[in-house]
$ cat start38.txt   # compact mmCIF, C-alpha atoms
# COMPACT_ATOMS: atom_id res chain seq x y z
CA CYS A 187 10.19 19.58 245.64
CA CYS A 188 6.56 20.41 244.91
CA SER A 189 3.64 21.96 246.75
CA LYS A 190 0.15 20.54 246.59
CA GLY A 191 -3.16 22.01 245.45
CA PRO A 192 -6.55 20.64 244.33
CA ILE A 193 -7.17 19.40 240.84
CA THR A 194 -9.56 16.84 239.33
CA ARG A 195 -10.00 14.53 236.39
CA SER A 196 -6.67 14.67 234.61
CA TYR A 197 -3.29 13.00 234.55
CA CYS A 198 -0.03 14.70 235.38
CA LEU A 199 3.56 13.49 235.46
CA THR A 200 6.25 15.75 236.91
CA LEU A 201 9.91 14.85 236.85
CA THR A 202 13.00 16.73 237.92
CA LYS A 203 16.47 15.58 238.81
CA ASP A 204 15.82 16.31 242.48
CA CYS A 205 12.55 14.50 243.02
CA SER A 206 11.10 11.09 242.34
CA PRO A 207 8.59 10.81 239.47
CA THR A 208 4.98 10.43 240.50
CA MET A 209 1.87 9.93 238.43
CA PHE A 210 -1.36 11.08 240.01
CA LYS A 211 -4.75 9.87 238.77
CA CYS A 212 -6.67 12.93 239.75
CA LEU A 213 -10.13 12.10 241.08
CA ILE A 214 -12.35 14.51 242.99
CA SER A 215 -10.85 13.52 246.33
CA THR A 216 -7.24 13.52 245.09
CA LEU A 217 -4.68 16.23 245.70
CA MET A 218 -2.33 17.12 242.84
CA LEU A 219 1.24 18.27 243.12
CA LEU A 220 1.07 21.73 241.62
CA SER A 221 -0.05 24.89 243.37
CA ALA A 222 -1.89 27.38 241.15
CA SER A 223 -0.34 30.78 240.54
CA GLY A 224 -1.74 33.71 238.56
CA PHE A 225 -3.03 32.93 235.08
CA LEU A 226 -0.40 33.25 232.40
CA VAL A 227 -1.46 34.20 228.90
CA LEU A 228 0.71 32.36 226.42
CA ASP A 229 0.80 34.23 223.12
CA VAL A 230 2.97 33.47 220.10
CA LYS A 231 4.87 36.73 219.56
CA ARG A 232 7.67 37.76 217.26
CA THR A 233 10.95 38.55 219.00
CA SER A 234 11.73 42.23 218.72
CA SER A 235 15.03 43.24 217.10
CA LYS A 236 16.07 44.88 220.38
CA ASN A 237 15.60 41.67 222.36
CA LEU A 238 17.29 39.68 219.61
CA HIS A 239 20.38 41.91 219.76
CA LEU A 240 20.47 41.63 223.56
CA ASN A 241 20.31 37.82 223.36
CA LEU A 242 23.09 37.74 220.78
CA PHE A 243 25.21 40.03 222.96
CA ASP A 244 24.59 37.86 226.05
CA LYS A 245 25.49 34.69 224.18
CA LEU A 246 28.93 36.06 223.25
CA PHE A 247 30.00 35.63 226.88
CA GLU A 248 28.25 32.31 227.55
CA GLU A 249 30.14 29.07 227.96
CA GLU A 250 29.41 26.56 225.20
CA GLY A 251 27.87 23.24 226.22
CA MET A 252 26.89 20.14 224.29
CA LEU A 253 23.63 21.75 223.18
CA GLY A 254 24.90 25.31 222.93
CA LYS A 255 24.82 28.15 225.40
CA GLY A 256 22.62 29.01 228.36
CA ILE A 257 19.28 27.40 229.23
CA THR A 258 16.08 27.08 227.21
CA VAL A 259 12.62 26.68 228.70
CA GLY A 260 9.83 25.69 226.36
CA LYS A 261 6.35 24.27 226.01
CA VAL A 262 4.80 22.24 223.23
CA GLN A 263 1.15 21.21 223.07
CA VAL A 264 -0.59 18.86 220.68
CA ALA A 265 -4.32 18.19 220.42
CA LEU A 266 -5.32 14.98 218.67
CA MET A 267 -8.33 12.73 218.17
CA SER A 268 -8.44 9.39 219.95
CA SER A 269 -11.07 6.87 218.90
CA ASP A 270 -10.78 4.78 222.06
CA ARG A 271 -8.92 4.34 225.36
CA SER A 272 -7.09 1.11 224.49
CA ASP A 273 -3.43 0.32 225.25
CA SER A 274 -2.51 1.32 221.69
CA SER A 275 -4.28 4.69 221.94
CA ILE A 276 -2.51 7.88 222.98
CA PHE A 277 -3.94 7.31 226.47
CA GLY A 278 -2.29 3.90 226.73
CA LEU A 279 1.02 5.15 225.35
CA LEU A 280 1.15 8.07 227.79
CA GLU A 281 0.26 5.88 230.76
CA ASP A 282 3.07 3.50 229.78
CA CYS A 283 5.50 6.42 229.67
CA ALA A 284 4.40 7.51 233.13
CA THR A 285 4.44 4.16 234.89
CA ASP A 286 7.73 2.95 233.40
CA THR A 287 9.76 6.03 234.34
CA GLY A 288 12.23 6.35 237.21
CA ASN A 289 14.09 9.35 238.60
CA GLU A 290 17.49 8.85 237.01
CA PRO A 291 18.57 11.34 234.30
CA GLU A 292 18.54 8.60 231.68
CA GLU A 293 14.97 7.63 232.62
CA LEU A 294 13.78 11.23 232.76
CA SER A 295 15.13 11.99 229.30
CA ARG A 296 13.82 8.72 227.91
CA MET A 297 10.32 9.59 229.15
CA ALA A 298 10.44 12.92 227.29
CA ASN A 299 11.74 11.14 224.19
CA ASP A 300 8.99 8.49 224.38
CA VAL A 301 6.23 11.10 224.69
CA CYS A 302 7.51 12.97 221.63
CA LEU A 303 7.74 9.74 219.63
CA ALA A 304 4.24 8.68 220.74
CA LEU A 305 2.83 11.99 219.52
CA MET A 306 4.67 11.81 216.20
CA ARG A 307 3.35 8.28 215.58
CA LYS A 308 -0.17 9.70 215.96
CA SER A 309 0.39 12.63 213.58
CA ASP A 310 -2.50 11.49 211.36
CA SER A 311 -4.81 12.27 214.28
CA TRP A 312 -3.50 15.77 215.07
CA VAL A 313 -6.04 18.60 215.03
CA ALA A 314 -4.09 21.49 216.60
CA ALA A 315 -0.75 22.38 218.19
CA CYS A 316 1.32 25.25 219.55
CA SER A 317 4.71 25.87 221.14
CA THR A 318 6.73 28.58 222.80
CA GLY A 319 10.27 28.88 224.14
CA LYS A 320 12.50 31.33 225.98
CA TRP A 321 16.29 31.45 226.34
CA PHE A 322 18.16 32.37 229.54
CA LYS A 323 21.79 32.99 230.36
CA GLY A 324 23.52 30.34 232.42
CA ASP A 325 23.74 32.81 235.33
CA ASP A 326 19.96 33.22 235.18
CA ALA A 327 19.16 29.65 236.18
CA GLY A 328 16.78 30.94 238.85
CA LYS A 329 14.83 32.96 236.28
CA ALA A 330 14.69 29.93 233.99
CA GLU A 331 13.27 27.79 236.79
CA SER A 332 10.74 30.50 237.64
CA TYR A 333 9.58 30.69 234.03
CA TYR A 334 9.32 26.90 233.89
CA ASN A 335 7.12 26.97 237.00
CA GLU A 336 4.93 29.69 235.46
CA LEU A 337 4.33 27.60 232.36
CA ALA A 338 3.63 24.47 234.41
CA ASN A 339 1.24 26.23 236.79
CA ALA A 340 -0.63 27.94 233.97
CA GLU A 341 -1.22 24.61 232.24
CA ALA A 342 -2.12 22.81 235.48
CA MET A 343 -4.93 25.30 236.14
CA LYS A 344 -6.55 24.37 232.82
CA PHE A 345 -6.73 20.71 233.84
CA GLU A 346 -9.22 21.26 236.65
CA LYS A 347 -12.20 20.98 234.30
CA GLU A 348 -14.15 17.76 233.91
CA TYR A 349 -15.32 16.86 230.40
CA ILE A 350 -18.39 14.77 231.21
CA PRO A 351 -21.13 14.18 228.61
CA ASP A 352 -24.78 14.65 229.55
CA ASP A 353 -26.35 11.88 231.63
CA ASN A 354 -28.65 10.94 228.74
CA ASP A 355 -25.72 10.81 226.31
CA ASP A 356 -24.40 7.42 227.38
CA GLU A 357 -23.43 6.36 223.87
CA ASN A 358 -20.70 9.04 223.79
CA LYS A 359 -19.09 8.13 227.10
CA GLY A 360 -15.67 6.62 226.55
CA SER A 361 -15.98 7.10 222.81
CA SER A 362 -13.77 9.19 220.54
CA THR A 363 -12.48 12.40 222.07
CA ILE A 364 -9.97 15.15 221.56
CA VAL A 365 -6.92 14.77 223.80
CA VAL A 366 -4.58 17.64 224.68
CA VAL A 367 -1.02 16.69 225.60
CA SER A 368 1.27 19.35 227.09
CA MET A 369 5.01 19.06 227.68
CA ILE A 370 7.00 21.70 229.55
CA ILE A 371 10.75 21.24 229.57
CA GLU A 372 13.84 23.02 230.86
CA ILE A 373 16.92 21.98 228.92
CA GLN A 374 20.51 23.18 228.79
CA GLY A 375 21.77 25.02 225.70
CA ASP A 376 20.07 26.95 222.90
CA SER A 377 19.83 24.40 220.09
CA THR A 378 16.45 22.83 220.96
CA LYS A 379 13.70 24.18 218.70
CA PHE A 380 10.41 25.31 220.20
CA ASP A 381 8.95 27.88 217.80
CA GLY A 382 6.65 26.80 214.99
CA ALA A 383 4.38 24.01 216.22
CA GLY A 384 0.87 24.42 214.84
CA TYR A 385 1.82 26.22 211.64
CA SER A 386 2.01 22.92 209.75
CA ILE A 387 2.29 19.21 210.44
CA ALA A 388 5.89 19.30 209.19
CA GLN A 389 6.89 22.13 211.56
CA THR A 390 5.16 20.44 214.48
CA LYS A 391 7.05 17.22 213.77
CA GLU A 392 10.28 19.22 213.57
CA ILE A 393 9.71 20.64 217.06
CA LEU A 394 8.94 17.24 218.56
CA ALA A 395 11.89 15.64 216.75
CA SER A 396 14.25 18.34 218.04
CA ILE A 397 13.13 17.76 221.62
CA ALA A 398 13.23 13.96 221.25
CA SER A 399 16.79 14.11 219.97
CA ASP A 400 18.22 16.72 222.33
CA VAL A 401 16.90 15.20 225.58
CA LEU A 402 19.08 12.12 225.01
CA VAL A 403 22.32 14.12 224.74
CA ASP A 404 24.85 13.46 227.51
CA ASP A 405 22.77 10.52 228.79
CA GLY A 406 19.96 12.88 229.75
CA TYR A 407 22.00 15.17 232.00
CA CYS A 408 21.16 18.09 229.71
CA VAL A 409 17.53 17.98 230.92
CA ASN A 410 16.85 19.98 234.06
CA ALA A 411 13.10 19.33 234.39
CA VAL A 412 10.18 17.87 232.44
CA GLU A 413 6.45 17.95 233.03
CA VAL A 414 3.84 16.14 230.96
CA LEU A 415 0.09 16.66 231.36
CA TRP A 416 -2.84 15.33 229.36
CA THR A 417 -6.60 15.67 229.48
CA PRO A 418 -9.23 14.24 229.60
CA GLY A 419 -8.14 11.61 232.08
CA GLU A 420 -11.23 9.52 232.81
CA LYS A 421 -12.79 6.97 230.46
CA ASP A 422 -16.20 8.63 230.57
CA GLU A 423 -14.84 12.08 229.71
CA VAL A 424 -15.13 13.52 226.21
CA MET A 425 -13.55 16.78 225.03
CA SER A 426 -15.32 18.44 222.12
CA LYS A 427 -14.02 20.93 219.58
CA ASN A 428 -15.85 23.69 221.46
CA ASP A 429 -14.14 22.64 224.69
CA LEU A 430 -10.79 22.82 222.92
CA ILE A 431 -11.42 26.33 221.60
CA LEU A 432 -12.66 27.57 224.96
CA ASP A 433 -10.01 26.03 227.22
CA PHE A 434 -6.97 26.05 224.91
CA PRO A 435 -7.32 29.15 222.70
CA GLU A 436 -3.57 29.25 222.04
CA LEU A 437 -3.72 26.06 219.99
CA ILE A 438 -3.49 26.53 216.20
CA ASP A 439 -5.49 24.28 213.87
CA ILE A 440 -3.36 22.11 211.60

$ encode --input "start38.txt" --output "structure tokens"
Amino acid sequence: CCSKGPITRSYCLTLTKDCSPTMFKCLISTLMLLSASGFLVLDVKRTSSKNLHLNLFDKLFEEEGMLGKGITVGKVQVALMSSDRSDSSIFGLLEDCATDTGNEPEELSRMANDVCLALMRKSDSWVAACSTGKWFKGDDAGKAESYYNELANAEAMKFEKEYIPDDNDDENKGSSTIVVVSMIIEIQGDSTKFDGAGYSIAQTKEILASIASDVLVDDGYCVNAVEVLWTPGEKDEVMSKNDLILDFPELIDI
């Protein structure tokens, strides 16, 4: 279900209904599952009135499902501080989500739910966030999948960088660091909220809560695909505020 391309020093978990979940600990000699496509600039833009009217017109003829009409593809990212790499840190929680997940719809949706809950429990450590979403007609499932792949590939390309402190800066290795967690999801219907993360802690929680709730509908069969990535991945890597600004300019300080 996936092609392979090089990537280093990050963690990635990709799950779809048609392929088994795999977590790759990406070292220099490791191949990762995603192939890189052209860079995609992800900007938060207001929907024009013309596009809004077209979407409303399209939805009139869509069949209603448990979560509404059509298909929604979205991305949410949260950057947070982590003081260590213990089992109770965001690193430990994400690794638990990855290793305990199977390929059944219930397990796939539970993984997405667990990641959202893990992030919300660490809301006191948030430093930045962003989100974006796009709706597709049910007949445009191919376009929805293509957009999902664009989002996933664009994020995967950012995870090639290694965040290694200077050799003479041993005291900072494995110490506190900024962590960026990205979730890309394709879900049936139009009720899942994706717009607004980063504008406030409350709005960011609302986005994560909406995803966490909706992925469990219909025992997880409403979820078409989920991908979760986080960086840095190695214990000696440290991401600074400057790294965050340079590599993830779309994130909004909160």

$ residues_around --input "start38.txt" --residues "Phe434 (chain A)" --least-positions-apart "5" --cutoff "12 Å" --atoms "all atoms listed in the file" --output "number ranges by chain"
A: 227-229, 263-265, 314-316, 340-341, 343-345, 347, 364-368, 417, 425-429, 439

$ atom_distance --input "start38.txt" --atom1 "CA of Cys283 (chain A)" --atom2 "CA of Asn335 (chain A)"
21.9 Å

$ atom_distance --input "start38.txt" --atom1 "CA of Val409 (chain A)" --atom2 "CA of Glu281 (chain A)"
21.1 Å

$ atom_distance --input "start38.txt" --atom1 "CA of Lys255 (chain A)" --atom2 "CA of Trp321 (chain A)"
9.2 Å

$ residues_around --input "start38.txt" --residues "Leu305 (chain A)" --least-positions-apart "6" --cutoff "9 Å" --atoms "all atoms listed in the file" --output "list of chain:residue names"
A:Val264, A:Leu266, A:Ile276, A:Trp312, A:Val367, A:Lys391, A:Leu394

$ residues_around --input "start38.txt" --residues "Ser377 (chain A)" --least-positions-apart "5" --cutoff "9 Å" --atoms "all atoms listed in the file" --output "PyMOL selection string"
chain A and resi 253-255+258+396+400

$ closest_residue --input "start38.txt" --among "A:Lys379, A:Ser362, A:Ala338, A:Thr390" --to "Glu423 (chain A)" --atoms "all atoms listed in the file"
A:Ser362

$ residues_around --input "start38.txt" --residues "Tyr407 (chain A)" --least-positions-apart "6" --cutoff "9 Å" --atoms "all atoms listed in the file" --output "list in words"
Lys203, Pro291, Glu292, Ser295, Gln374 and Val401 of chain A

$ closest_residue --input "start38.txt" --among "A:Met267, A:Val259, A:Cys408, A:Ile438" --to "Ser361 (chain A)" --atoms "all atoms listed in the file"
A:Met267
